[in-house]
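K.L.:
After the structure tokens below, expect a handful of questions from me.
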2 protein chains.
Amino acid sequence: MAMYKAPLRDMQFVLNEVFEAEKVWSSMPATEGIDLDTVNAILEGGAKIAENELFPINLSGDAEGVKFENGKVTTPTGFKEAWNTLAEGGWLGLGGNPEYDGMGMPKMLTVLFEEMLYASNAGFTLYPSLNTGATILLDAHASDEIKQQFLPPLYAGQWIGTMCLTETQAGTDLGLISTKAEPKGDGTYTITGSKLWITGGDHDLAENIIHLVLAKLPDAPAGSRGISLFLVPKFKVNSDNSLGDFNNVNCGSIEHKMGIKGSATCVLNFDGAEGIMIGEPNRGLMAMFTMMNYERLSIGIQGLGLGEVAYQSAMDFAKERLQSRAPGGAKNPEKPADPILVHPDVRRMALNVRAFNEASRAFASYVGMQLDLSKFHEDETIRKHGDNMMALMTPIAKAFITDRGFDATVEAQQIYGGNGYCTEWGAEQYVRDARIAQIYEGTNGIQALDLMGRKVFSNRGEFVKIFTQEVREFLASCADLPNMQAWTTTLETELKRLESLTETVIAAADKNPAEIGAASVDYLNLFGLVTYGYMWARMVSVAERKVASDTSGFYATKIKVGNHFLKRILPRTLALEQQVLAGADVLMDLEEEAFYVN
Amino acid sequence: MAMYKAPLRDMQFVLNEVFEAEKVWSSMPATEGIDLDTVNAILEGGAKIAENELFPINLSGDAEGVKFENGKVTTPTGFKEAWNTLAEGGWLGLGGNPEYDGMGMPKMLTVLFEEMLYASNAGFTLYPSLNTGATILLDAHASDEIKQQFLPPLYAGQWIGTMCLTETQAGTDLGLISTKAEPKGDGTYTITGSKLWITGGDHDLAENIIHLVLAKLPDAPAGSRGISLFLVPKFKVNSDNSLGDFNNVNCGSIEHKMGIKGSATCVLNFDGAEGIMIGEPNRGLMAMFTMMNYERLSIGIQGLGLGEVAYQSAMDFAKERLQSRAPGGAKNPEKPADPILVHPDVRRMALNVRAFNEASRAFASYVGMQLDLSKFHEDETIRKHGDNMMALMTPIAKAFITDRGFDATVEAQQIYGGNGYCTEWGAEQYVRDARIAQIYEGTNGIQALDLMGRKVFSNRGEFVKIFTQEVREFLASCADLPNMQAWTTTLETELKRLESLTETVIAAADKNPAEIGAASVDYLNLFGLVTYGYMWARMVSVAERKVASDTSGFYATKIKVGNHFLKRILPRTLALEQQVLAGADVLMDLEEEAFYVN
């Protein structure tokens, strides 16, 4: 009853019909050669790996977990073989720079591949996800020499990358790190310190692990302006890329966690390891943000993938489960009871899950498209628009997709009744695996602060205006579709609500900086709902144009699921608006001591 | 950092100040002897057991889990000793009938004791909780002879009770059960069949287990009108209460679950076991409802207890955790960073958790009070009012307390950042343990159907009117308190919203029965919020009268936490209202086939 089938039809709909990917790609030299055949081959090839290689080792990977014995980490049965499959198929360089043997596929496509990986095996997928993040960082900030040496084996899966930020005393607040980097005089550095919660910090998947480590130079300024970035391999690398000595990177222990039990979460001790600086001294955190922005979108997709597999598995259960009769009388009189989808409340849960999953899929591809435009387009105006939209949308993609993804796994679990609580059905694993996505890569509260503070308040709502203008232009383009009237009217109301709230919070924060954090999470959720409303309107508008001549039922279903979003989900903005308007004083009034239990 | 201290001050506030328990009790012969000294002794004694005996074996009980070997179930280390402590202190008969050696304590007090048990160890507490449910059922439906024989050893913890309802094909829909009961001709029955998910179905805590089993007589009508109830002991019981032969009740296996791992969830095979009928033939389900109503309130309290321990542990973490600086500048300049409670969003999460916990505590005691009044009061009008309110509030107590309890554990976990995802801090266990409370004892969707269908639609909203009248009488009594103005105005708006929505749904359901299930969950959540608004208004009104002369800060804090509920939580009704008004068609439009993945 745990099942996963890659939603290829919906992915093709998003890519080809909603965002007309071929048109986008043909406008940019870096992507102009990519055609539908390539896209389909990639999606179908990815689906095969996800369905046939990764999904079968998902429940077993959770049950078995990662092992730590004699200082070595062992991944669950089948993980090494799955890694080799990805490596041999060139999948680890799918979005990589072609100059260094990457495949150069655009982000708006690779997000769909990532969704399949996360859906089929979230614990496993963190290994390739971190690797991709590391290659993106090196591609953006390393010297050509380093790229020549490190990118090809990382794209090939011969080596694998990690990111090492957190320390016991420094999580959200990276300015507090104490790992030291001392120059050896030969251009390399001696790295000493202990890092916490390092995903894939040690394991048996690849012959070498390339750590990207934040550390402080001896003369570094205090706080986050004194952080530098270093490449620290587990085994030193000779100039011909053969492996040299062990580099004194020791795994101290692994964490016992609620979920993603197939992913090794390590304490890593850098006991005088040799490191190479990447980028400029004291500019390491900025460089790391290149990677983090990628990882934030990727982690958002973890939420989507788990929401999707949770939906599919729950529906597979619902199809067979007969309990009670339909409200209007038996639908299935020859059987002892009706299938549970006759019950309105079971449908409500299923539609909630599905309406969010489908909007998240479109949204992930949309953010990917902004990233592609910002990177590859020749027209500076379009590049700038893409860059602004990506900056605005990244915290929403991380927080809103994972929050709704977690909700989706919980709601899907509820559809099973008691079976959802038992391990054999997989439903409870999806909940546990989804929960972390709300926490790591910057908690969702931190994402909301990034949105409200850096992306809205700091520029006086400029990005918000760019967004609302884009939505209004789209709504105007639907004027010929009479069935879109409810959408255009409602979304215009929601845009006005968002604009007015943005102004209110900016004005309040001018007087009291606490207003930013007080508004942030509710504001992000409201923004997310409006954005998903926009995604749904774009999907529905395509469906409305095609539904009359369609016999598959795909577009009719799309319109109905969209209607559920419009009528039963979007109204959540009403409450969020009031919560934002309540302001900071309600939160700041209580003395700190009164929170604690004495 | 996992910590639990029974919130005795708040419990005393609820009992003595908000609901003036002594006044209530002195008005009823069954309870008139109970004074404050007794109450305090019970609360303090319960707190000691919870803090010193149950809490220390909570994390270890989760890690160790229940074992099933050679057909026998073994509970985790320390569970047997904890059971003996409860048994020897007479705690298992705390609310029991004094005629059969129970202590006769009123429900509005025992709910507070139950909260401490669930908070300190939810997996363990299911054993005494099921036992109490079984004794309540027997007290209400068994013959005097059975009561004489079975109640004293159950109250004493020498034996322990269970409820056996679910079968593989029959969960929500108990009419589908196939367990058979054949009369042996000597007044006893032979019970044959297999029961699923039996909490405490087998274990090593007591010398005998008394199962209350739903089964069908040979000539029983089909469906839920053909269900009878049987008492089936694990070991037969001689007339002198010594144990006889094994009664062929075999544990087939135990479930592997997301949480409550210290609780044995068993497949029980009744292989021709001897049973005694309780109550009338074919009236077993009705009798079982006596127990289920108790269990539903009890499971609600599971949600509260876990929300409370999650809050306390998160605050213990927050007190020590220094990250980043306060929005207005350092609060803690001599340290490297400020405690995380300087951040408005961390406060928002903490206040959400706390505002729900405190309202849930008051609400549980309020529902307990209705139960006491309905059972013990000599005035029939008051008995009737209590009965109606209990009927109306039971599904809300089960579903709303557990939904908000689950949210509380998730939000408390979020306060930890990454530490909340690691097992050693306890936070993730609270989430896993709380999740089941939304599923068992009738899923929360079933509770909502019970509310909307049986408790609202069936009586054309009569109970709702009784509730709103009670709230309005209370609001009128606050006319002398100028600071209560915001509360009285807002709650009047919310009452009108509830009334209008009730009328709308009843009218719609007259035309289309699917409207009941379509509205039910959102309606229950809205009703829950209004009820919690009422609880908060009652608490705040007491605090407002006492705050001026108080130096402890207790009442000032109460008013501020209440204000958070009023301003930042209660507005959720705005969204729920629109969701209910969206109606059934949105949900029923999509063809069943379109939900499934092909």
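Letters A, B, ... go to the chains of the structure tokens in the order shown; residues in each chain start at 1; ligands are counted from 1 in the same order.
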Would you kindly return, as a PyMOL selection string, each protein, DNA or RNA residue with an atom no farther than 9 Å from any atom of segment 101-113 of chain A, considering only C-alpha atoms and excluding same-chain residues fewer than 6 positions away?

P.N.:
chain A and resi 11+15+21+25+30-31+34+39+42-43+46-47+90-95+151-152+155-156+297-298+301+361+364-372

K.L.:
Mind checking which residues fall within 10 Å of Val521 of chain B, counting only C-alpha atoms, ignoring those fewer than 2 positions away in the same chain, and posting them as number ranges by chain?

P.N.:
A: 345, 348; B: 399-400, 444-449, 451-452, 516-519, 523-527, 576, 579-580

K.L.:
Per residue of chain A within 6 Å of chain B, note the shortest atom pair and the distance in Å to one decimal, counting only C-alpha atoms, and order the rows by chain and increasing residue number, as CSV.

P.N.:
residue,atom,partner,partner_atom,distance
A:Asp173,CA,B:Gln323,CA,5.4
A:His256,CA,B:Cys422,CA,5.7
A:Lys257,CA,B:Cys422,CA,4.4
A:Met258,CA,B:Tyr421,CA,5.7
A:Met315,CA,B:Tyr596,CA,5.6
A:Gln323,CA,B:Asp173,CA,5.4
A:Ser324,CA,B:Asp173,CA,5.4
A:Pro327,CA,B:Ala514,CA,5.3
A:Pro344,CA,B:Ala518,CA,5.0
A:Asp345,CA,B:Gly517,CA,5.5
A:Gly417,CA,B:Ile439,CA,5.8
A:Tyr421,CA,B:Met258,CA,5.7
A:Cys422,CA,B:Lys257,CA,4.4
A:Thr423,CA,B:Lys257,CA,5.4
A:Ile439,CA,B:Gly417,CA,5.8
A:Pro513,CA,B:Pro327,CA,5.5
A:Ala514,CA,B:Pro327,CA,5.3
A:Gly517,CA,B:Pro344,CA,5.2
A:Ala518,CA,B:Pro344,CA,5.0
A:His564,CA,B:Val586,CA,5.9
A:Lys567,CA,B:Ala582,CA,5.8
A:Arg568,CA,B:Gln579,CA,4.8
A:Pro571,CA,B:Ala575,CA,5.2
A:Arg572,CA,B:Ala575,CA,4.7
A:Leu574,CA,B:Ala575,CA,5.6
A:Ala575,CA,B:Arg572,CA,4.7
A:Gln579,CA,B:Arg568,CA,4.8
A:Ala582,CA,B:Lys567,CA,5.8
A:Val586,CA,B:His564,CA,5.8
A:Tyr596,CA,B:Met315,CA,5.6

K.L.:
Using DSSP on the backbone coordinates, identify the residues of segment 344-476 of chain A assigned to alpha helix (DSSP H); present them as a ChimeraX atom specification.

P.N.:
/A:344-376,380-415,427-435,444-449,462-476

K.L.:
DSSP on the backbone: what in segment 55-295 of chain B comes out strand (DSSP E or B), as number ranges by chain?

P.N.:
B: 67-69, 72-74, 159-164, 167, 170, 180-183, 189-199, 208-216, 227-233, 235-237, 243-246, 249-254, 257, 265-278, 283

K.L.:
Using only C-alpha atoms, pick whichever of B:Asn247, B:Ser143, B:Ser194, B:Asn238 has the shortest atom-to-atom distance to Val267 of chain B.

P.N.:
B:Ser194

K.L.:
Go through A:Val309, A:Met28, A:Ile260, A:Ile227 and flag the residue nearest Ala63 of chain A, using only C-alpha atoms for the distances.

P.N.:
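Smallest distance to Ala63 of chain A is found for A:Ile260.
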
K.L.:
Go through B:Met390, B:Ala543, B:Ala437, B:Ala479 and flag the residue nearest Asp407 of chain B, using only C-alpha atoms for the distances.

P.N.:
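Between B:Met390, B:Ala543, B:Ala437, B:Ala479, the residue approaching Asp407 of chain B most closely is B:Ala437.
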
K.L.:
Quick one: distance from atom CA of His211 of chain A to atom CA of Cys164 of chain A in Å, one decimal?

P.N.:
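Spanning atom CA of His211 of chain A to atom CA of Cys164 of chain A is a straight-line distance of 6.6 Å.
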
K.L.:
Identify, on the basis of only C-alpha atoms, every residue whose closest approach to Gly65 of chain A does not exceed 8 Å; exclude the query and any residue fewer than 5 positions from it along the same chain; express the result as a VMD selection string.

P.N.:
chain A and resid 75 to 76 261 to 263

K.L.:
Do you know which residues are at most 8 Å from segment 535-542 of chain A counting only C-alpha atoms, after dropping those on the same chain fewer than 2 positions away, and could you put them as a list in words?

P.N.:
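Answer for this query is Val14, Glu17, Val18, Ala359, Ala362, Phe363, Phe474, Cys478, Leu481, Met484, Trp487, Thr531, Tyr532, Gly533, Glu544, Arg545, Lys546, Lys558, Ile559, Gly562 and Phe565 of chain A.
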
K.L.:
Go ahead and save the picked residues with N, CA and C atoms, as a PDB file, in the first residue's frame.

P.N.:
ATOM      1  N   VAL A  14       3.111  21.013 -16.103  1.00  0.00           N
ATOM      2  CA  VAL A  14       3.745  22.185 -15.495  1.00  0.00           C
ATOM      3  C   VAL A  14       4.809  22.762 -16.429  1.00  0.00           C
ATOM      4  N   GLU A  17       3.154  23.044 -20.535  1.00  0.00           N
ATOM      5  CA  GLU A  17       1.911  23.766 -20.782  1.00  0.00           C
ATOM      6  C   GLU A  17       1.799  25.026 -19.928  1.00  0.00           C
ATOM      7  N   VAL A  18       2.107  24.920 -18.647  1.00  0.00           N
ATOM      8  CA  VAL A  18       1.940  26.094 -17.785  1.00  0.00           C
ATOM      9  C   VAL A  18       3.057  27.106 -18.026  1.00  0.00           C
ATOM     10  N   ALA A 359       0.175  22.593  -6.533  1.00  0.00           N
ATOM     11  CA  ALA A 359       0.650  23.980  -6.545  1.00  0.00           C
ATOM     12  C   ALA A 359       2.135  24.036  -6.217  1.00  0.00           C
ATOM     13  N   ALA A 362       4.195  23.188  -9.324  1.00  0.00           N
ATOM     14  CA  ALA A 362       4.271  24.328 -10.236  1.00  0.00           C
ATOM     15  C   ALA A 362       5.183  25.411  -9.670  1.00  0.00           C
ATOM     16  N   PHE A 363       5.061  25.647  -8.374  1.00  0.00           N
ATOM     17  CA  PHE A 363       5.843  26.714  -7.734  1.00  0.00           C
ATOM     18  C   PHE A 363       7.342  26.404  -7.761  1.00  0.00           C
ATOM     19  N   PHE A 474      -0.735  38.704 -15.609  1.00  0.00           N
ATOM     20  CA  PHE A 474      -1.290  37.395 -15.955  1.00  0.00           C
ATOM     21  C   PHE A 474      -2.827  37.423 -15.901  1.00  0.00           C
ATOM     22  N   CYS A 478      -6.154  36.774 -18.894  1.00  0.00           N
ATOM     23  CA  CYS A 478      -7.249  35.796 -18.816  1.00  0.00           C
ATOM     24  C   CYS A 478      -8.606  36.427 -19.080  1.00  0.00           C
ATOM     25  N   LEU A 481     -11.390  34.541 -20.760  1.00  0.00           N
ATOM     26  CA  LEU A 481     -11.871  33.260 -20.220  1.00  0.00           C
ATOM     27  C   LEU A 481     -12.957  33.496 -19.166  1.00  0.00           C
ATOM     28  N   MET A 484     -12.793  32.038 -15.677  1.00  0.00           N
ATOM     29  CA  MET A 484     -11.722  32.476 -14.775  1.00  0.00           C
ATOM     30  C   MET A 484     -12.140  33.660 -13.897  1.00  0.00           C
ATOM     31  N   TRP A 487     -11.570  33.443 -10.215  1.00  0.00           N
ATOM     32  CA  TRP A 487     -10.143  33.506  -9.912  1.00  0.00           C
ATOM     33  C   TRP A 487      -9.621  34.936  -9.973  1.00  0.00           C
ATOM     34  N   THR A 531       0.669  33.254  -3.527  1.00  0.00           N
ATOM     35  CA  THR A 531       1.520  32.707  -4.591  1.00  0.00           C
ATOM     36  C   THR A 531       0.923  31.413  -5.152  1.00  0.00           C
ATOM     37  N   TYR A 532       0.445  30.556  -4.262  1.00  0.00           N
ATOM     38  CA  TYR A 532      -0.178  29.311  -4.725  1.00  0.00           C
ATOM     39  C   TYR A 532      -1.490  29.598  -5.461  1.00  0.00           C
ATOM     40  N   GLY A 533      -2.173  30.654  -5.040  1.00  0.00           N
ATOM     41  CA  GLY A 533      -3.357  31.076  -5.787  1.00  0.00           C
ATOM     42  C   GLY A 533      -2.974  31.442  -7.216  1.00  0.00           C
ATOM     43  N   GLU A 544      -8.646  25.490 -18.651  1.00  0.00           N
ATOM     44  CA  GLU A 544      -9.893  26.032 -19.202  1.00  0.00           C
ATOM     45  C   GLU A 544      -9.822  26.135 -20.736  1.00  0.00           C
ATOM     46  N   ARG A 545      -8.639  26.444 -21.237  1.00  0.00           N
ATOM     47  CA  ARG A 545      -8.499  26.570 -22.697  1.00  0.00           C
ATOM     48  C   ARG A 545      -8.534  25.216 -23.401  1.00  0.00           C
ATOM     49  N   LYS A 546      -8.250  24.148 -22.658  1.00  0.00           N
ATOM     50  CA  LYS A 546      -8.123  22.842 -23.309  1.00  0.00           C
ATOM     51  C   LYS A 546      -9.216  21.848 -22.940  1.00  0.00           C
ATOM     52  N   LYS A 558      -8.110  18.976 -13.071  1.00  0.00           N
ATOM     53  CA  LYS A 558      -7.282  20.117 -12.668  1.00  0.00           C
ATOM     54  C   LYS A 558      -8.168  21.288 -12.228  1.00  0.00           C
ATOM     55  N   ILE A 559      -9.212  21.553 -13.003  1.00  0.00           N
ATOM     56  CA  ILE A 559     -10.113  22.672 -12.674  1.00  0.00           C
ATOM     57  C   ILE A 559     -10.812  22.432 -11.329  1.00  0.00           C
ATOM     58  N   GLY A 562      -8.380  22.755  -8.446  1.00  0.00           N
ATOM     59  CA  GLY A 562      -8.138  24.187  -8.305  1.00  0.00           C
ATOM     60  C   GLY A 562      -9.277  24.886  -7.577  1.00  0.00           C
ATOM     61  N   PHE A 565      -8.939  24.556  -3.964  1.00  0.00           N
ATOM     62  CA  PHE A 565      -7.966  25.513  -3.432  1.00  0.00           C
ATOM     63  C   PHE A 565      -8.606  26.896  -3.274  1.00  0.00           C
TER      64      PHE A 565
END

K.L.:
With only C-alpha atoms as the counted atoms, please give the residues lying no more than 7 Å from Asn357 of chain B, apart from itself and same-chain residues fewer than 6 positions off, as a ChimeraX atom specification.

P.N.:
/B:304,307-308

K.L.:
I'd like the interatomic distance between atom CA of Thr199 of chain A and atom CA of Thr265 of chain A, to a tenth of an Å.

P.N.:
4.6 Å

K.L.:
For Glu145 of chain A, list every protein, DNA or RNA residue within 12 Å, evaluated using only C-alpha atoms, and leave out those in the same chain fewer than 5 positions away; present the list as number ranges by chain.

P.N.:
A: 100, 138-139, 150-152, 239, 276, 278

K.L.:
Can you list, as a PyMOL selection string, every protein, DNA or RNA residue that comes within 12 Å of Met292 of chain B when you count only C-alpha atoms, leaving out same-chain residues fewer than 2 positions away?

P.N.:
chain B and resi 129-130+132-137+162-165+212+285-290+294-300+394-395+398+440-442+447
